[in-house]
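*Asks:* A single structure is presented below for examination.
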Amino acid sequence: MSDPCLLAASLLTAGPITVPPPITLPPNLLDNLSALFASSTTQTLQAVAAQKVVPIVEVNSPEFSQSLPSPAILRTSATSQPVTAEAATTLVSNQQAVSTPQSMITPTSGSQLYLQRVAALKAGKLYTRLPSNSFESLWAKGTSTGTPLQQPTHEQWKLLLEQEAKAVAKGQGSNRLAILVGDSLSMWFPSQSLPYGQLWLNQGISGENSGQILKRLSAFAKTRPNTIYVMAGTNDLRQGASDRVILDNIRQIVRRLRSNHPQAQVVVQSILPTRLSAIPNQRIYNLNQQIAAIAQQEGTGFLNLYSLFADEQGQLQQDLTTDGIHLSHSGYQVWQEALNYADSVMVANRNGGSAQGLGTSD
C-alpha cells in the first residue's frame with residue numbers, strides 16, 4: 001500500500017487544491033487517525049475515535065424481501081400519496097438537528113426503519129430531523145409482541161425515497177442540502193450523527209449494488225443539493241461482480257450526478273474494508289485506488305474512508321463493526337467526523353473565505 005496520493009484519506013479534484021487550516025474538533029477523539037484529507041500539497045487532520053457503545057444496527061439484518069407485504073400500513077403508506085406544498089414546508093421548517101441520547105430506542109430492522117420514515121413523511125416531517133424514537137408506537141409493536149414485522153419490498157423502499165426527495169425538493173427553500181447515496185451502510189447512518197447546519201436526505205437502500213443505485217438517481221433529480229456523498233460497491237463484491245463492472249457503474253453514477261446536479265459537489269467515498277473472508281481486502285484496496293483515479297478524472301471529490309476503518313491487516317476494525325460489514329455506533333462516529341471535515345472544507349471554498357479548500361470543477 002504505497003501510493004499516498006491515492007490512498008491517503010483524500011479529497012481529490014481535477015483542479016488545484018489549496019490547504020485549509022485544521023478545524024477544531026471535540027476532545028476525547030481519535031488518536032490514531034492521520035491524513036484524513038491529503039493531496040499533493042498534503043493536508044493532515046486528526047479525527048475522532050468513538051467510545052465503544054452498543055451498536056445501533058442489528059447483526060445479520062435482512063436486506064430486503066422479495067415478497068409483497070400485506071399489512072394495511074404499508075398499503076396505505078405515504079409512498080402512494082403526493083406531498084403537498086404545505087407538508088413540504090413543514091417538513092424542512094426545523095433548522096436545528098436533534099441530538100439524541102444514546103439510550104433512546106431506535107429502529108433495529110429494515111421494517112422498523114421503513115415504518116418510521118413512512119410515518120414521518122405522512123406527518124410532513126423529515127425523519128433525519130427527528131429524534132431516533134420518533135413514531136415509536138407505530139414501528140416498535142413487533143418488538144413488544146414478539147411478532148416480526150413484514151419486510152417492505154425493494155420497490156416500496158424506492159417509492160418511499162422518491163417521495164422523501166419530492167418533499168425536500170418542494171420545501172428546501174434556501175436551506176443547504178446534502179444527500180447520502182448508497183446501500184445499507186448509508187441507509188443506517190444515524191440521523192443524530194449527521195453534520196449540523198443543513199438538511200440531509202438519505203437515499204440509501206439496503207442490499208443494493210452499484211447498478212441498482214445507478215438506475216434510481218433520477219428519484220432525487222429535482223432536489224438542489226450542495227453536496228452529494230456516494231458510496232457503492234460492497235454489495236457488488238458480495239454478489240460476485242467484477243472490478244470492471246463496479247468501476248464502470250461508479251463512473252456512470254458520478255457522470256449522471258454531475259449532469260443532474262451541476263451546482264453540487266459530488267464526493268465519491270471509498271469502499272470500506274470488511275471482515276469477510278470471501279472478500280479479500282487487498283482487492284478492496286486496489287479498487288479504491290482506481291475509484292480515486294475515476295474521481296480525479298471526472299472532477300469530483302474522493303473521500304477515502306478505507307484508511308480510517310482498516311486495521312493493520314487491512315480488515316475492518318473490530319470495534320467499528322457489528323457483523324464484519326455493517327458499522328457500529330463507533331464506526332458511524334468515525335464516518336461522521338470525516339463528513340464534518342469534508343463539509344467544512346467545501347463550505348469554506350463556497351464562501352470564498354481565507355481558508356480555501358476543495359476546488360470546484362468545470
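Letters A, B, ... go to the chains of the C-alpha cells in the order shown; residues in each chain start at 1; ligands are counted from 1 in the same order.
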Near Leu339 (chain A), within 8 Å and counting only C-alpha atoms, which residues show up once chain neighbours fewer than 4 positions away are dropped, as a ChimeraX atom specification?
*Replies:* /A:195,335,343
*Asks:* Could you give me, as a CSV table (one decimal) with C-alpha atoms, in the first residue's frame, the residues within 6 Å of region 199-213 of chain A, counting only C-alpha atoms and dropping anything in the same chain fewer than 3 positions from it?
*Replies:*
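Result file is selection_5.csv:
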```csv
chain,number,residue,atom,x,y,z
A,63,GLU,CA,-31.5,-6.7,3.3
A,177,LEU,CA,-28.9,20.2,1.4
A,178,ALA,CA,-26.6,17.2,1.5
A,179,ILE,CA,-27.5,13.8,0.1
A,180,LEU,CA,-26.2,10.3,1.1
A,181,VAL,CA,-26.5,7.8,-1.8
A,182,GLY,CA,-25.6,4.2,-1.3
A,183,ASP,CA,-26.6,0.9,0.3
A,184,SER,CA,-27.3,-0.2,3.9
A,186,SER,CA,-25.6,4.8,4.1
A,187,MET,CA,-29.2,3.9,4.9
A,216,ARG,CA,-32.6,5.3,-9.4
A,232,ALA,CA,-21.2,1.9,-3.7
A,233,GLY,CA,-19.5,-1.4,-4.3
A,235,ASN,CA,-22.8,-5.5,-2.3
A,236,ASP,CA,-21.3,-5.9,-5.8
A,249,ASN,CA,-21.0,1.8,-12.7
```
*Asks:* For the contact check between region 127-245 of chain A and region 105-120 of chain A, emit one row per residue of region 127-245 of chain A within 8 Å, containing the shortest atom pair and the distance in Å rounded to one decimal, counting only C-alpha atoms, chain then rising number order, as JSON lines.
*Replies:*
```
{"residue": "A:Tyr127", "atom": "CA", "partner": "A:Ala120", "partner_atom": "CA", "distance": 5.7}
{"residue": "A:Ser132", "atom": "CA", "partner": "A:Thr106", "partner_atom": "CA", "distance": 5.2}
{"residue": "A:Asn133", "atom": "CA", "partner": "A:Thr106", "partner_atom": "CA", "distance": 5.3}
{"residue": "A:Ser134", "atom": "CA", "partner": "A:Gln116", "partner_atom": "CA", "distance": 7.0}
{"residue": "A:Phe135", "atom": "CA", "partner": "A:Gln116", "partner_atom": "CA", "distance": 6.0}
{"residue": "A:Glu136", "atom": "CA", "partner": "A:Gln116", "partner_atom": "CA", "distance": 7.4}
{"residue": "A:Leu138", "atom": "CA", "partner": "A:Leu115", "partner_atom": "CA", "distance": 7.0}
{"residue": "A:Trp139", "atom": "CA", "partner": "A:Gln112", "partner_atom": "CA", "distance": 5.0}
{"residue": "A:Ala140", "atom": "CA", "partner": "A:Gln112", "partner_atom": "CA", "distance": 6.8}
{"residue": "A:Leu149", "atom": "CA", "partner": "A:Ser111", "partner_atom": "CA", "distance": 6.2}
{"residue": "A:Gln150", "atom": "CA", "partner": "A:Ser111", "partner_atom": "CA", "distance": 6.6}
{"residue": "A:Gln151", "atom": "CA", "partner": "A:Ser111", "partner_atom": "CA", "distance": 5.0}
{"residue": "A:Pro152", "atom": "CA", "partner": "A:Ser111", "partner_atom": "CA", "distance": 6.1}
{"residue": "A:Trp157", "atom": "CA", "partner": "A:Tyr114", "partner_atom": "CA", "distance": 7.5}
{"residue": "A:Leu160", "atom": "CA", "partner": "A:Val118", "partner_atom": "CA", "distance": 7.1}
```
*Asks:* Restricting the calculation to only C-alpha atoms: of A:Gln317, A:Ser277, A:Asn304, A:Ser270, which residue gets closest to Gly331 (chain A)?
*Replies:*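 For Gly331 (chain A), the nearest of the candidates is A:Gln317.
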*Asks:* Find the residue from A:Ser259, A:Thr234, A:Gln192, A:Ser344 that sits nearest to Leu217 (chain A); use only C-alpha atoms when measuring.
*Replies:*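 Checking each of A:Ser259, A:Thr234, A:Gln192, A:Ser344 against Leu217 (chain A), counting only C-alpha atoms, the winner is A:Ser259.
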*Asks:* Using DSSP on the backbone coordinates, identify all residues within region 235-284 of chain A classified as strand (DSSP E or B); present the result as a list in words.
*Replies:*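 So, restricting region 235-284 of chain A to strand (DSSP E or B), we get Gln265, Val266, Val267, Val268 and Gln269 of chain A.
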*Asks:* Mind checking DSSP for region 187-296 of chain A and telling me the helix (DSSP H, G or I) residues as a VMD selection string?
*Replies:* chain A and resid 187 191 to 193 210 to 215 217 to 220 234 to 238 243 to 260 281 to 296
*Asks:* Any chance you could export the current selection's N, CA and C atoms as a short mmCIF file (atom, residue, chain, number, x, y, z; two decimals), in the first residue's frame?
*Replies:*
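To be explicit, this is the file written out as part39.cif:
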```cif
data_model
loop_
_atom_site.label_atom_id
_atom_site.label_comp_id
_atom_site.auth_asym_id
_atom_site.auth_seq_id
_atom_site.Cartn_x
_atom_site.Cartn_y
_atom_site.Cartn_z
N MET A 187 -27.82 3.90 4.44
CA MET A 187 -29.20 3.89 4.93
C MET A 187 -29.25 3.96 6.45
N SER A 191 -29.26 9.54 12.14
CA SER A 191 -29.62 10.93 11.84
C SER A 191 -28.98 11.91 12.80
N GLN A 192 -28.89 11.51 14.10
CA GLN A 192 -28.34 12.43 15.08
C GLN A 192 -26.84 12.64 14.90
N SER A 193 -26.21 11.81 14.05
CA SER A 193 -24.77 11.94 13.82
C SER A 193 -24.44 12.71 12.55
N SER A 210 -24.08 -1.35 -7.16
CA SER A 210 -23.84 -0.10 -7.86
C SER A 210 -24.76 0.07 -9.07
N GLY A 211 -25.10 -1.02 -9.74
CA GLY A 211 -26.00 -0.94 -10.88
C GLY A 211 -27.39 -0.50 -10.48
N GLN A 212 -27.89 -1.01 -9.35
CA GLN A 212 -29.21 -0.62 -8.87
C GLN A 212 -29.22 0.84 -8.43
N ILE A 213 -28.15 1.28 -7.80
CA ILE A 213 -28.05 2.68 -7.39
C ILE A 213 -28.09 3.58 -8.61
N LEU A 214 -27.35 3.21 -9.64
CA LEU A 214 -27.31 3.99 -10.88
C LEU A 214 -28.70 4.18 -11.47
N LYS A 215 -29.53 3.15 -11.41
CA LYS A 215 -30.84 3.18 -12.05
C LYS A 215 -31.85 4.08 -11.33
N LEU A 217 -31.09 7.15 -9.68
CA LEU A 217 -30.61 8.50 -9.38
C LEU A 217 -31.61 9.58 -9.78
N SER A 218 -32.49 9.25 -10.72
CA SER A 218 -33.49 10.23 -11.15
C SER A 218 -34.52 10.52 -10.06
N ALA A 219 -34.59 9.67 -9.03
CA ALA A 219 -35.58 9.84 -7.97
C ALA A 219 -35.41 11.17 -7.24
N PHE A 220 -34.18 11.65 -7.14
CA PHE A 220 -33.95 12.92 -6.45
C PHE A 220 -33.37 13.98 -7.38
N THR A 234 -19.86 -2.45 -2.09
CA THR A 234 -19.78 -3.56 -1.14
C THR A 234 -20.68 -4.72 -1.54
N ASN A 235 -21.92 -4.42 -1.90
CA ASN A 235 -22.83 -5.50 -2.30
C ASN A 235 -22.44 -6.12 -3.63
N ASP A 236 -21.83 -5.33 -4.52
CA ASP A 236 -21.31 -5.89 -5.77
C ASP A 236 -20.29 -6.99 -5.45
N LEU A 237 -19.41 -6.70 -4.52
CA LEU A 237 -18.39 -7.68 -4.14
C LEU A 237 -19.02 -8.93 -3.54
N ARG A 238 -20.03 -8.74 -2.73
CA ARG A 238 -20.71 -9.88 -2.11
C ARG A 238 -21.46 -10.72 -3.14
N ASP A 243 -14.47 -6.34 -10.99
CA ASP A 243 -13.98 -4.99 -10.73
C ASP A 243 -14.42 -4.04 -11.84
N ARG A 244 -14.38 -4.50 -13.08
CA ARG A 244 -14.74 -3.65 -14.20
C ARG A 244 -16.18 -3.18 -14.12
N VAL A 245 -17.08 -4.07 -13.74
CA VAL A 245 -18.49 -3.70 -13.60
C VAL A 245 -18.65 -2.63 -12.52
N ILE A 246 -17.99 -2.85 -11.39
CA ILE A 246 -18.09 -1.90 -10.28
C ILE A 246 -17.57 -0.53 -10.70
N LEU A 247 -16.40 -0.50 -11.30
CA LEU A 247 -15.78 0.77 -11.68
C LEU A 247 -16.58 1.49 -12.77
N ASP A 248 -17.08 0.73 -13.74
CA ASP A 248 -17.88 1.35 -14.79
C ASP A 248 -19.16 1.96 -14.22
N ASN A 249 -19.80 1.25 -13.29
CA ASN A 249 -21.02 1.78 -12.68
C ASN A 249 -20.74 3.03 -11.86
N ILE A 250 -19.63 3.02 -11.11
CA ILE A 250 -19.29 4.19 -10.30
C ILE A 250 -19.02 5.39 -11.20
N ARG A 251 -18.32 5.18 -12.30
CA ARG A 251 -18.07 6.29 -13.22
C ARG A 251 -19.39 6.83 -13.78
N GLN A 252 -20.31 5.93 -14.14
CA GLN A 252 -21.60 6.38 -14.67
C GLN A 252 -22.42 7.10 -13.61
N ILE A 253 -22.36 6.63 -12.36
CA ILE A 253 -23.06 7.31 -11.26
C ILE A 253 -22.55 8.73 -11.13
N VAL A 254 -21.23 8.89 -11.13
CA VAL A 254 -20.63 10.21 -11.00
C VAL A 254 -21.07 11.12 -12.14
N ARG A 255 -21.00 10.62 -13.35
CA ARG A 255 -21.38 11.44 -14.51
C ARG A 255 -22.86 11.82 -14.47
N ARG A 256 -23.71 10.89 -14.08
CA ARG A 256 -25.14 11.18 -14.01
C ARG A 256 -25.43 12.23 -12.94
N LEU A 257 -24.77 12.11 -11.80
CA LEU A 257 -24.99 13.08 -10.72
C LEU A 257 -24.50 14.47 -11.12
N ARG A 258 -23.38 14.54 -11.79
CA ARG A 258 -22.86 15.84 -12.22
C ARG A 258 -23.78 16.46 -13.28
N SER A 259 -24.38 15.63 -14.09
CA SER A 259 -25.30 16.13 -15.10
C SER A 259 -26.61 16.61 -14.47
N ASN A 260 -27.13 15.82 -13.52
CA ASN A 260 -28.39 16.18 -12.86
C ASN A 260 -28.24 17.34 -11.90
N ASN A 281 -9.43 -8.07 1.26
CA ASN A 281 -9.31 -6.63 1.48
C ASN A 281 -8.27 -6.00 0.57
N GLN A 282 -7.32 -6.79 0.06
CA GLN A 282 -6.39 -6.25 -0.92
C GLN A 282 -7.14 -5.85 -2.19
N ARG A 283 -8.17 -6.63 -2.53
CA ARG A 283 -8.98 -6.28 -3.70
C ARG A 283 -9.71 -4.96 -3.46
N ILE A 284 -10.25 -4.77 -2.25
CA ILE A 284 -10.92 -3.52 -1.93
C ILE A 284 -9.94 -2.36 -2.00
N TYR A 285 -8.74 -2.58 -1.47
CA TYR A 285 -7.70 -1.55 -1.51
C TYR A 285 -7.40 -1.15 -2.96
N ASN A 286 -7.22 -2.14 -3.82
CA ASN A 286 -6.91 -1.85 -5.23
C ASN A 286 -8.07 -1.14 -5.92
N LEU A 287 -9.30 -1.57 -5.62
CA LEU A 287 -10.46 -0.90 -6.19
C LEU A 287 -10.51 0.57 -5.78
N ASN A 288 -10.18 0.84 -4.52
CA ASN A 288 -10.22 2.22 -4.05
C ASN A 288 -9.19 3.09 -4.76
N GLN A 289 -8.05 2.52 -5.10
CA GLN A 289 -7.08 3.28 -5.89
C GLN A 289 -7.70 3.71 -7.22
N GLN A 290 -8.40 2.77 -7.85
CA GLN A 290 -9.00 3.06 -9.15
C GLN A 290 -10.21 3.99 -9.02
N ILE A 291 -10.95 3.88 -7.93
CA ILE A 291 -12.07 4.79 -7.70
C ILE A 291 -11.55 6.21 -7.49
N ALA A 292 -10.45 6.35 -6.76
CA ALA A 292 -9.84 7.67 -6.56
C ALA A 292 -9.42 8.26 -7.90
N ALA A 293 -8.88 7.43 -8.78
CA ALA A 293 -8.47 7.90 -10.10
C ALA A 293 -9.68 8.35 -10.91
N ILE A 294 -10.79 7.60 -10.82
CA ILE A 294 -12.02 7.98 -11.52
C ILE A 294 -12.51 9.33 -11.01
N ALA A 295 -12.51 9.51 -9.69
CA ALA A 295 -12.96 10.77 -9.11
C ALA A 295 -12.12 11.94 -9.63
N GLN A 296 -10.83 11.74 -9.71
CA GLN A 296 -9.95 12.79 -10.20
C GLN A 296 -10.21 13.07 -11.67
#
```
*Asks:* My list of candidates is A:Pro273, A:Pro280, A:Pro131, A:Pro148. Which is closest to Thr321 (chain A) when distances are computed with only C-alpha atoms?
*Replies:*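 Closest to Thr321 (chain A) of all the choices is A:Pro273.
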*Asks:* Between CA of Arg275 (chain A) and CA of Thr300 (chain A), what is the distance in Å, rounded to a tenth?
*Replies:* 28.9 Å
*Asks:* With only C-alpha atoms as the counted atoms, please give the residues lying no more than 9 Å from Asp319 (chain A), apart from itself and same-chain residues fewer than 4 positions off, as a PyMOL selection string.
*Replies:* chain A and resi 52+327-328+330-331
*Asks:* Interatomic distance between CA of Gly299 (chain A) and CA of Val347 (chain A)?
*Replies:*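 The value is 17.6 Å.
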*Asks:* What does the distance between CA of His326 (chain A) and CA of Lys122 (chain A) come to in Å, to one decimal place?
*Replies:* 29.1 Å
